[in-house]
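Novice: So here's structure-v7.txt (compact mmCIF, C-alpha atoms).
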```txt
# COMPACT_ATOMS: atom_id res chain seq x y z
CA MET A 1 130.19 21.04 90.05
CA ARG A 2 126.88 22.56 89.17
CA LEU A 3 128.24 25.94 90.14
CA THR A 4 131.17 25.51 87.78
CA MET A 5 128.88 24.63 84.93
CA LEU A 6 126.73 27.66 85.59
CA ARG A 7 129.73 29.92 85.53
CA ARG A 8 130.80 28.55 82.17
CA ILE A 9 127.36 29.05 80.72
CA ALA A 10 127.29 32.58 82.04
CA ARG A 11 130.59 33.45 80.42
CA ARG A 12 129.48 32.09 77.07
CA HIS A 13 126.16 33.93 77.06
CA ARG A 14 127.25 37.10 78.84
CA ALA A 15 125.97 39.40 76.09
CA VAL A 16 122.56 37.74 75.93
CA LEU A 17 122.09 37.89 79.66
CA ALA A 18 123.13 41.50 79.73
CA ALA A 19 120.54 42.30 77.06
CA LEU A 20 117.79 40.50 79.00
CA VAL A 21 118.70 42.29 82.20
CA LEU A 22 118.73 45.65 80.42
CA SER A 23 115.31 45.00 78.88
CA ALA A 24 113.87 44.06 82.27
CA LEU A 25 115.30 47.20 83.82
CA VAL A 26 113.76 49.43 81.13
CA HIS A 27 110.34 47.89 81.61
CA ALA A 28 110.66 48.14 85.39
CA ALA A 29 111.73 51.79 85.11
CA ALA A 30 108.77 52.52 82.97
CA LEU A 31 106.49 51.04 85.60
CA VAL A 32 108.00 51.94 88.98
CA GLY A 33 111.14 53.97 88.31
CA VAL A 34 114.85 53.07 88.51
CA PRO A 35 116.28 52.53 92.10
CA ASN A 36 119.23 54.72 93.23
CA GLY A 37 121.45 51.98 94.72
CA PRO A 38 123.66 49.40 92.91
CA GLN A 39 121.78 46.73 91.06
CA PRO A 40 122.28 42.98 91.48
CA PHE A 41 124.00 41.17 88.71
CA ALA A 42 125.60 44.48 87.66
CA ASP A 43 128.93 43.98 86.01
CA GLU A 44 131.51 46.73 85.79
CA ASP A 45 132.12 45.88 82.16
CA ALA A 46 128.45 45.88 81.29
CA GLY A 47 128.70 49.26 79.50
CA PRO A 48 127.27 52.60 80.36
CA GLU A 49 124.47 52.95 82.81
CA TYR A 50 121.02 54.18 81.79
CA THR A 51 118.70 55.96 84.07
CA ALA A 52 115.07 56.93 83.39
CA THR A 53 112.41 58.80 85.32
CA LEU A 54 108.62 58.60 84.94
CA ASP A 55 107.17 62.06 85.18
CA ALA A 56 103.47 62.69 85.64
CA PRO A 57 101.78 63.95 82.43
CA ALA A 58 100.98 67.65 82.17
CA PRO A 59 97.44 68.35 83.16
CA ALA A 60 95.05 68.93 80.21
CA LEU A 61 93.80 72.46 79.67
CA GLU A 62 90.16 72.71 80.68
CA ALA A 63 87.73 75.13 79.02
CA PRO A 64 86.70 77.88 81.37
CA ALA A 65 83.35 77.24 82.95
CA PRO A 66 80.57 79.51 81.62
CA VAL A 67 79.84 82.40 83.84
CA ALA A 68 76.22 82.21 85.00
CA LYS A 69 74.25 85.41 84.68
CA PRO A 70 73.05 86.67 87.96
CA ALA A 71 69.33 86.20 88.48
CA PRO A 72 67.33 89.44 88.40
CA ARG A 73 66.77 90.76 91.80
CA HIS A 74 63.16 91.29 92.78
CA VAL A 75 62.84 94.63 94.37
CA ALA A 76 59.82 94.79 96.50
CA ARG A 77 57.84 97.98 96.14
CA ALA A 78 57.33 99.86 99.21
CA ARG A 79 53.72 99.86 100.18
CA PRO A 80 52.32 103.25 100.98
CA ARG A 81 51.64 103.68 104.54
CA LEU A 82 48.05 104.27 105.36
CA ARG A 83 47.64 107.28 107.47
CA PRO A 84 44.65 107.39 109.70
CA ILE A 85 42.13 110.06 108.83
CA ALA A 86 40.76 111.98 111.63
CA VAL A 87 37.00 112.14 111.34
CA PRO A 88 35.39 114.84 113.37
CA ASP A 89 32.65 113.80 115.62
CA GLU A 90 30.31 116.40 114.11
CA ILE A 91 30.42 118.29 110.79
CA ALA A 92 29.59 121.92 111.17
CA PRO A 93 26.72 123.05 108.89
CA VAL A 94 27.52 125.50 106.08
CA SER A 95 25.42 128.59 106.09
CA ALA A 96 23.58 129.83 102.98
CA GLY A 97 25.44 133.11 103.20
CA ALA A 98 28.79 131.37 102.88
CA ILE A 99 27.61 129.50 99.79
CA ASP A 100 26.37 132.73 98.19
CA GLN A 101 29.69 134.39 98.97
CA GLN A 102 31.56 131.56 97.23
CA MET A 103 29.24 131.65 94.23
CA GLU A 104 29.67 135.41 93.86
CA ALA A 105 33.45 135.25 94.09
CA PRO A 106 35.07 136.14 90.76
CA VAL A 107 36.55 133.31 88.73
CA ILE A 108 40.24 133.79 88.09
CA GLU A 109 41.00 132.92 84.48
CA PRO A 110 44.45 131.51 83.73
CA VAL A 111 46.70 133.85 81.81
CA ILE A 112 48.04 132.18 78.66
CA PRO A 113 50.87 133.84 76.72
CA ASP A 114 49.91 135.10 73.28
CA ALA A 115 52.40 132.89 71.48
CA VAL A 116 51.11 129.73 73.19
CA ALA A 117 47.48 130.70 72.52
CA GLN A 118 48.15 131.36 68.82
CA GLU A 119 49.98 128.03 68.42
CA ALA A 120 47.16 126.10 70.11
CA ALA A 121 44.53 127.87 68.00
CA SER A 122 46.37 127.11 64.75
CA ALA A 123 46.80 123.45 65.72
CA ALA A 124 43.11 123.05 66.54
CA ALA A 125 41.82 125.02 63.55
CA PRO A 126 39.96 122.82 60.99
CA ASP A 127 40.63 122.82 57.28
CA LYS A 128 39.65 126.27 56.10
CA LEU A 129 38.90 125.08 52.58
CA ALA A 130 36.47 122.43 53.78
CA LEU A 131 34.72 124.40 56.50
CA ALA A 132 34.86 127.93 55.18
CA GLN A 133 31.62 129.81 55.74
CA PRO A 134 30.38 132.56 53.44
CA ALA A 135 30.68 136.08 54.74
CA THR A 136 26.99 136.69 54.01
CA PRO A 137 24.51 133.96 55.08
CA VAL A 138 22.91 132.25 52.10
CA ALA A 139 19.14 132.24 52.22
CA ALA A 140 17.41 128.88 51.98
CA MET A 141 16.16 127.92 48.55
CA GLN A 142 12.51 128.89 48.16
CA PRO A 143 10.09 127.67 45.49
CA PRO A 144 9.32 130.27 42.84
CA THR A 145 6.35 132.40 43.78
CA PHE A 146 3.40 132.96 41.51
CA PRO A 147 3.60 136.33 39.68
CA VAL A 148 0.38 137.77 41.04
CA GLU A 149 0.84 141.01 39.07
CA ALA A 150 1.34 139.28 35.72
CA LEU A 151 -2.04 140.48 34.32
CA PRO A 152 -3.69 143.86 34.58
CA ALA A 153 -6.84 144.35 36.65
CA SER A 154 -9.00 143.66 33.62
CA ILE A 155 -8.35 142.31 30.14
CA ALA A 156 -10.39 140.68 27.37
CA ILE A 157 -9.35 138.40 24.50
CA GLU A 158 -11.47 137.34 21.54
CA TYR A 159 -11.04 134.18 19.43
CA ARG A 160 -12.18 132.78 16.15
CA LEU A 161 -12.91 129.07 16.05
CA THR A 162 -12.74 127.05 12.83
CA SER A 163 -13.25 123.37 12.05
CA THR A 164 -14.46 121.13 9.26
CA PHE A 165 -17.90 121.00 10.83
CA ALA A 166 -18.64 124.45 12.31
CA ASP A 167 -17.19 127.90 12.87
CA GLY A 168 -17.68 130.11 15.87
CA ARG A 169 -16.35 132.83 18.03
CA ALA A 170 -15.49 133.15 21.72
CA ARG A 171 -14.70 135.94 24.15
CA TYR A 172 -13.06 135.69 27.59
CA THR A 173 -12.72 138.49 30.13
CA TRP A 174 -10.49 138.65 33.19
CA SER A 175 -11.17 140.91 36.17
CA ARG A 176 -9.53 141.08 39.55
CA ASP A 177 -10.46 142.73 42.84
CA GLY A 178 -7.64 142.28 45.34
CA ASP A 179 -6.92 138.55 45.53
CA ASP A 180 -10.32 137.60 44.08
CA TYR A 181 -10.64 136.99 40.35
CA THR A 182 -13.53 136.37 37.98
CA ILE A 183 -13.32 134.94 34.46
CA ARG A 184 -16.29 134.96 32.12
CA GLY A 185 -16.53 133.28 28.77
CA GLU A 186 -19.06 133.23 25.93
CA ALA A 187 -19.07 131.16 22.73
CA GLU A 188 -21.51 130.82 19.85
CA ALA A 189 -21.68 129.32 16.40
CA GLN A 190 -21.51 131.52 13.35
CA GLY A 191 -22.51 131.31 9.73
CA PHE A 192 -24.71 128.54 8.39
CA PHE A 193 -24.39 126.37 11.51
CA ALA A 194 -25.84 129.12 13.71
CA LEU A 195 -29.25 127.93 12.44
CA PHE A 196 -28.68 124.56 14.13
CA LEU A 197 -26.55 125.64 17.11
CA GLU A 198 -28.71 128.48 18.31
CA GLY A 199 -27.74 130.28 21.51
CA ARG A 200 -24.61 131.01 23.46
CA LEU A 201 -22.52 128.85 25.72
CA ARG A 202 -21.80 130.79 28.90
CA GLN A 203 -19.10 129.94 31.46
CA GLU A 204 -17.85 131.58 34.66
CA SER A 205 -15.03 130.81 37.07
CA THR A 206 -14.31 132.53 40.39
CA GLY A 207 -11.40 132.03 42.75
CA LYS A 208 -8.32 133.57 44.35
CA VAL A 209 -4.86 134.59 43.17
CA THR A 210 -2.23 132.96 45.42
CA ALA A 211 1.53 132.59 45.44
CA GLN A 212 1.00 129.01 44.19
CA GLY A 213 -1.20 130.03 41.26
CA LEU A 214 -4.88 130.48 40.53
CA ARG A 215 -7.12 128.62 42.97
CA PRO A 216 -10.67 128.37 41.54
CA ASP A 217 -13.47 128.07 44.02
CA HIS A 218 -16.39 127.57 41.65
CA PHE A 219 -16.88 126.87 37.96
CA GLU A 220 -20.28 127.02 36.23
CA GLU A 221 -21.44 126.37 32.69
CA HIS A 222 -24.80 127.14 31.01
CA LYS A 223 -25.52 125.40 27.72
CA PRO A 224 -28.04 126.80 25.28
CA GLY A 225 -31.41 125.12 25.58
CA ASN A 226 -30.62 123.60 29.00
CA PRO A 227 -31.89 125.44 32.09
CA VAL A 228 -29.87 123.27 34.48
CA ALA A 229 -26.36 124.54 35.17
CA GLU A 230 -23.38 122.24 35.34
CA GLY A 231 -20.24 122.96 37.28
CA ILE A 232 -17.46 122.18 39.77
CA GLN A 233 -17.16 123.11 43.44
CA PHE A 234 -13.58 123.17 44.78
CA ASP A 235 -12.81 122.50 48.46
CA TRP A 236 -9.08 123.17 48.90
CA ALA A 237 -9.14 122.71 52.66
CA ARG A 238 -10.23 119.10 52.19
CA GLY A 239 -8.40 118.59 48.88
CA LYS A 240 -11.69 117.64 47.16
CA ALA A 241 -13.73 118.75 44.16
CA ILE A 242 -17.39 117.96 43.42
CA LEU A 243 -18.22 117.47 39.73
CA ASP A 244 -21.84 118.17 38.82
CA LYS A 245 -23.14 117.30 35.33
CA GLY A 246 -26.67 118.47 36.12
CA ASP A 247 -28.03 114.94 36.54
CA ASN A 248 -28.29 115.02 40.33
CA LYS A 249 -25.38 112.58 40.56
CA PRO A 250 -22.42 114.63 41.80
CA LYS A 251 -19.03 112.99 41.91
CA THR A 252 -16.29 113.77 44.44
CA VAL A 253 -12.66 113.59 43.33
CA ASP A 254 -9.27 114.46 44.87
CA ILE A 255 -7.42 117.61 43.87
CA ALA A 256 -3.84 118.68 44.54
CA GLY A 257 -1.08 120.84 43.16
CA ASN A 258 -1.49 122.87 39.98
CA THR A 259 -5.17 122.15 39.39
CA VAL A 260 -7.63 124.51 37.67
CA ASP A 261 -10.88 124.40 35.73
CA TRP A 262 -11.08 124.62 31.94
CA LEU A 263 -11.74 128.36 31.91
CA SER A 264 -9.02 129.28 34.44
CA MET A 265 -6.46 127.28 32.44
CA ILE A 266 -6.21 130.10 29.85
CA PHE A 267 -5.11 132.68 32.43
CA GLN A 268 -3.06 130.25 34.55
CA LEU A 269 -0.67 129.91 31.63
CA ALA A 270 -0.54 133.70 31.34
CA HIS A 271 0.41 134.09 34.99
CA ALA A 272 3.04 131.31 35.05
CA PRO A 273 4.49 130.59 31.58
CA PRO A 274 6.80 127.56 31.38
CA THR A 275 10.50 128.25 31.91
CA GLY A 276 11.92 124.73 31.58
CA GLU A 277 11.53 121.89 29.11
CA SER A 278 7.98 121.01 30.15
CA TYR A 279 5.00 122.21 32.16
CA ASP A 280 2.46 120.02 33.96
CA LEU A 281 -1.12 121.21 34.41
CA ARG A 282 -4.18 119.44 35.84
CA VAL A 283 -7.52 120.57 34.40
CA PHE A 284 -11.07 119.63 35.40
CA THR A 285 -14.32 120.01 33.54
CA GLN A 286 -17.64 119.03 35.05
CA ARG A 287 -17.41 115.75 33.17
CA ARG A 288 -13.83 114.58 33.27
CA PHE A 289 -10.24 115.22 34.34
CA TYR A 290 -7.33 116.12 32.04
CA GLU A 291 -3.67 115.92 32.95
CA PHE A 292 -1.52 117.86 30.50
CA HIS A 293 2.20 117.38 30.16
CA LEU A 294 3.10 120.30 27.92
CA LEU A 295 6.47 120.08 26.18
CA VAL A 296 8.19 123.36 25.39
CA LEU A 297 9.04 123.29 21.66
CA GLY A 298 10.51 126.80 21.49
CA VAL A 299 9.70 130.32 20.25
CA GLU A 300 8.11 130.66 16.83
CA GLU A 301 6.88 133.48 14.59
CA ILE A 302 3.23 132.85 13.68
CA GLU A 303 0.78 134.76 11.53
CA ILE A 304 -2.67 135.25 13.07
CA PRO A 305 -5.40 137.92 12.71
CA LEU A 306 -3.52 139.96 15.34
CA GLY A 307 -0.57 140.08 12.95
CA GLN A 308 2.97 138.63 13.22
CA VAL A 309 3.34 137.32 16.74
CA ARG A 310 6.26 135.84 18.66
CA ALA A 311 4.85 132.87 20.51
CA LEU A 312 6.09 130.08 22.81
CA HIS A 313 4.95 126.77 21.34
CA LEU A 314 3.74 124.05 23.75
CA ARG A 315 2.51 120.56 22.87
CA HIS A 316 0.76 117.78 24.74
CA VAL A 317 0.49 114.22 23.42
CA ASP A 318 -2.08 112.02 25.12
CA PRO A 319 -0.33 108.83 26.30
CA GLU A 320 -3.40 106.69 25.57
CA ASP A 321 -5.00 107.78 22.31
CA LYS A 322 -1.98 109.80 21.04
CA SER A 323 -4.15 112.83 20.37
CA VAL A 324 -2.23 116.12 20.13
CA ILE A 325 -3.00 119.52 21.63
CA ASP A 326 -0.93 122.55 20.55
CA VAL A 327 -0.84 125.90 22.38
CA TRP A 328 1.00 129.10 21.39
CA LEU A 329 1.52 131.73 24.12
CA GLY A 330 1.95 135.32 22.91
CA ILE A 331 5.18 136.62 24.45
CA ASP A 332 4.17 140.26 23.97
CA GLN A 333 0.51 139.55 24.83
CA HIS A 334 0.99 138.77 28.54
CA TYR A 335 1.65 135.12 27.56
CA LEU A 336 -2.05 134.66 26.83
CA PRO A 337 -2.85 131.76 24.48
CA VAL A 338 -3.06 133.45 21.06
CA LYS A 339 -3.56 130.17 19.20
CA LEU A 340 -4.84 126.71 20.12
CA ARG A 341 -5.45 123.50 18.21
CA TYR A 342 -7.26 120.62 19.91
CA PRO A 343 -9.56 117.65 19.12
CA VAL A 344 -13.23 117.46 20.13
CA ALA A 345 -16.09 114.97 19.71
CA ARG A 346 -13.88 112.06 20.82
CA ASN A 347 -11.06 113.08 18.53
CA ARG A 348 -13.32 113.04 15.45
CA LEU A 349 -13.10 116.79 14.94
CA MET A 350 -10.11 119.18 15.13
CA VAL A 351 -10.74 122.79 16.17
CA GLU A 352 -8.35 125.70 15.63
CA GLN A 353 -8.77 128.71 17.89
CA VAL A 354 -6.85 131.94 17.11
CA ALA A 355 -6.89 135.34 18.82
CA THR A 356 -8.50 138.16 16.85
CA GLY A 357 -8.20 140.95 19.42
CA ILE A 358 -6.98 141.85 22.92
CA SER A 359 -8.33 144.81 24.90
CA GLN A 360 -7.83 146.20 28.38
```
Starting from the file, lay out its structure as structure tokens.
Specialist:
Amino acid sequence: MRLTMLRRIARRHRAVLAALVLSALVHAAALVGVPNGPQPFADEDAGPEYTATLDAPAPALEAPAPVAKPAPRHVARARPRLRPIAVPDEIAPVSAGAIDQQMEAPVIEPVIPDAVAQEAASAAAPDKLALAQPATPVAAMQPPTFPVEALPASIAIEYRLTSTFADGRARYTWSRDGDDYTIRGEAEAQGFFALFLEGRLRQESTGKVTAQGLRPDHFEEHKPGNPVAEGIQFDWARGKAILDKGDNKPKTVDIAGNTVDWLSMIFQLAHAPPTGESYDLRVFTQRRFYEFHLLVLGVEEIEIPLGQVRALHLRHVDPEDKSVIDVWLGIDQHYLPVKLRYPVARNRLMVEQVATGISQ
């Protein structure tokens, strides 16, 4: 009876059962595949059959593995083979004759083509503009020499002296014998003041003419009414001068360069007239030292007892008391001082000294 009831239920719900069976088959096929034989509960009127297969998925494309660079091969350097050196038991001595023969053998110089030699010389040549040498060697600069022939063998110049206190005259003579020179000077008052200034002042300077100028050896002065001479002794080897005022108290001083006594100063300027803007001269008397810095003021035309004279005007200004000394050198008179103006008596009196005659 139960079987009959089941059959009835199956007929009524045939479509539902078929759908359930079909769904189960699809899920089973998806999991394990569909069997090849006839299936249970299969009805001939159940409709078309469905078959399904489960294929394995296509393998995923993999990126190609990077190609590893081959490691650098270390090539071992071949070590040089050490060869044994045969050392003789005894070294034969070399004779002196063999050494002389080797020393006397000619040296073979390598032959260099002209083109290669010229190219090498031009590449190694220094800058011609920077290292050019004069064709004629230039002589080293030498200091100007003293014009030893500037004055004749003998010459005399006479002066007239004027001031507000006294007038006078003076005469100086120059004589030379080889390199030795002698200068003598005389001065005396004239006119009314000769009654009070009786006698002559006598001076003498001796020395040598050198390429550096006049080098006095001895200066001496005799004053009227005084039997004791005053003077200066020059010692050029020691660079010293002894000043003697006649009081038995000589004084030693240093000397150097262009240094002369008061009398030699007149002819020193004649031998070496200034050529620049100034001229320095060191002058000693037996009492004191003078350092003159003579400025060159230029050439002037002056009127003196000699006539119209072209003269080079020099001036010295004392840096302490501002006293002024003017000197005019006669260009056509051997550059002798033809006019002087200077202070005396501690700058209380100005004396003008002009040339009145020159004789040889």
Novice: Counting all atoms listed in the file, which residues sit no farther than 12 Å from the position (-15.3, 136.2, 12.0) in the file's frame? I'd like them as a list in words.
Specialist: Glu158, Tyr159, Arg160, Leu161, Thr162, Asp167, Gly168, Arg169, Ala170, Glu188, Ala189, Gln190, Gly191, Pro305, Gln353, Val354, Ala355, Thr356 and Gly357 of chain A
Novice: If I put a ball of radius 7 Å at (-1.7, 127.8, 28.8) in the file's coordinates, which residues poke into it when counting all atoms listed in the file, written as a PyMOL selection string?
Specialist: chain A and resi 265-270+327+329+337
Novice: With only C-alpha atoms as the atoms that count, which of A:Ile325, A:Val253, A:Leu263, A:Leu243 lies nearest to Gln286 of chain A?
Specialist: A:Leu243
Novice: With only C-alpha atoms as the atoms that count, which of A:Tyr279, A:Phe284, A:Phe219, A:Phe289 lies nearest to Ile183 of chain A?
Specialist: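 Answer, going by the shortest atom-to-atom distance: A:Phe219.
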Novice: For Leu201 of chain A, work out the shell of residues within 12 Å, counting only C-alpha atoms and skipping chain neighbours fewer than 4 positions away, then give it as a PyMOL selection string.
Specialist: chain A and resi 168-172+184-189+197+220-227+229-230
Novice: Mind pulling up the distance from atom CA of His218 of chain A to atom CA of Asp261 of chain A?
Specialist: 8.7 Å
Novice: Go through A:Leu312, A:Leu336, A:Ile155, A:Ile304 and flag the residue nearest Glu352 of chain A, using all atoms listed in the file for the distances.
Specialist: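 Nearest to Glu352 of chain A: A:Ile304.
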Novice: Suppose you want the space between atom CA of Pro216 of chain A and atom CA of Ala241 of chain A; what is it in Å?
Specialist: 10.4 Å
Novice: For Val296 of chain A, which residue out of A:Ile242, A:Leu314, A:Ala211, A:Ala272 is the nearest one, using only C-alpha atoms?
Specialist: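 Looking at the shortest contact to Val296 of chain A, the residue is A:Leu314.
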Novice: Hey, what's within 6 Å of Ser154 of chain A if we count only C-alpha atoms and toss same-chain stuff fewer than 2 positions away? As a PyMOL selection string, please?
Specialist: chain A and resi 152+174-175+360
Novice: Grab the atom CA of Arg202 of chain A to atom CA of Ala166 of chain A distance for me, in Å with one decimal place.
Specialist: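 Result for atom CA of Arg202 of chain A versus atom CA of Ala166 of chain A: 18.0 Å, one decimal.
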Novice: Could you give me, as a list in words, the residues within 10 Å of Asp321 of chain A, counting all atoms listed in the file and dropping anything in the same chain fewer than 4 positions from it?
Specialist: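 Counting all atoms listed in the file, the residues come to Val317, Arg346 and Asn347 of chain A.
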Novice: Extract, using all atoms listed in the file, all DNA, RNA and protein residues at most 9 Å from Arg287 of chain A, discarding same-chain residues fewer than 4 positions from it, and format them as a PyMOL selection string.
Specialist: chain A and resi 231+243-245
Novice: Need the shell around Glu300 of chain A: protein/DNA/RNA residues with any atom at most 7 Å away, counting only C-alpha atoms. Skip same-chain ones fewer than 6 positions apart. Format as a list of chain:residue names?
Specialist: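 Residues meeting the cut-off are A:Arg310, A:Ala311, A:Leu312, A:His313.
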Novice: With C-alpha atoms kept, could you save the residues just selected as a tab-separated table (two decimals), in the coordinates of the input?
Specialist:
```tsv
chain	number	residue	atom	x	y	z
A	310	ARG	CA	6.26	135.84	18.66
A	311	ALA	CA	4.85	132.87	20.51
A	312	LEU	CA	6.09	130.08	22.81
A	313	HIS	CA	4.95	126.77	21.34
```
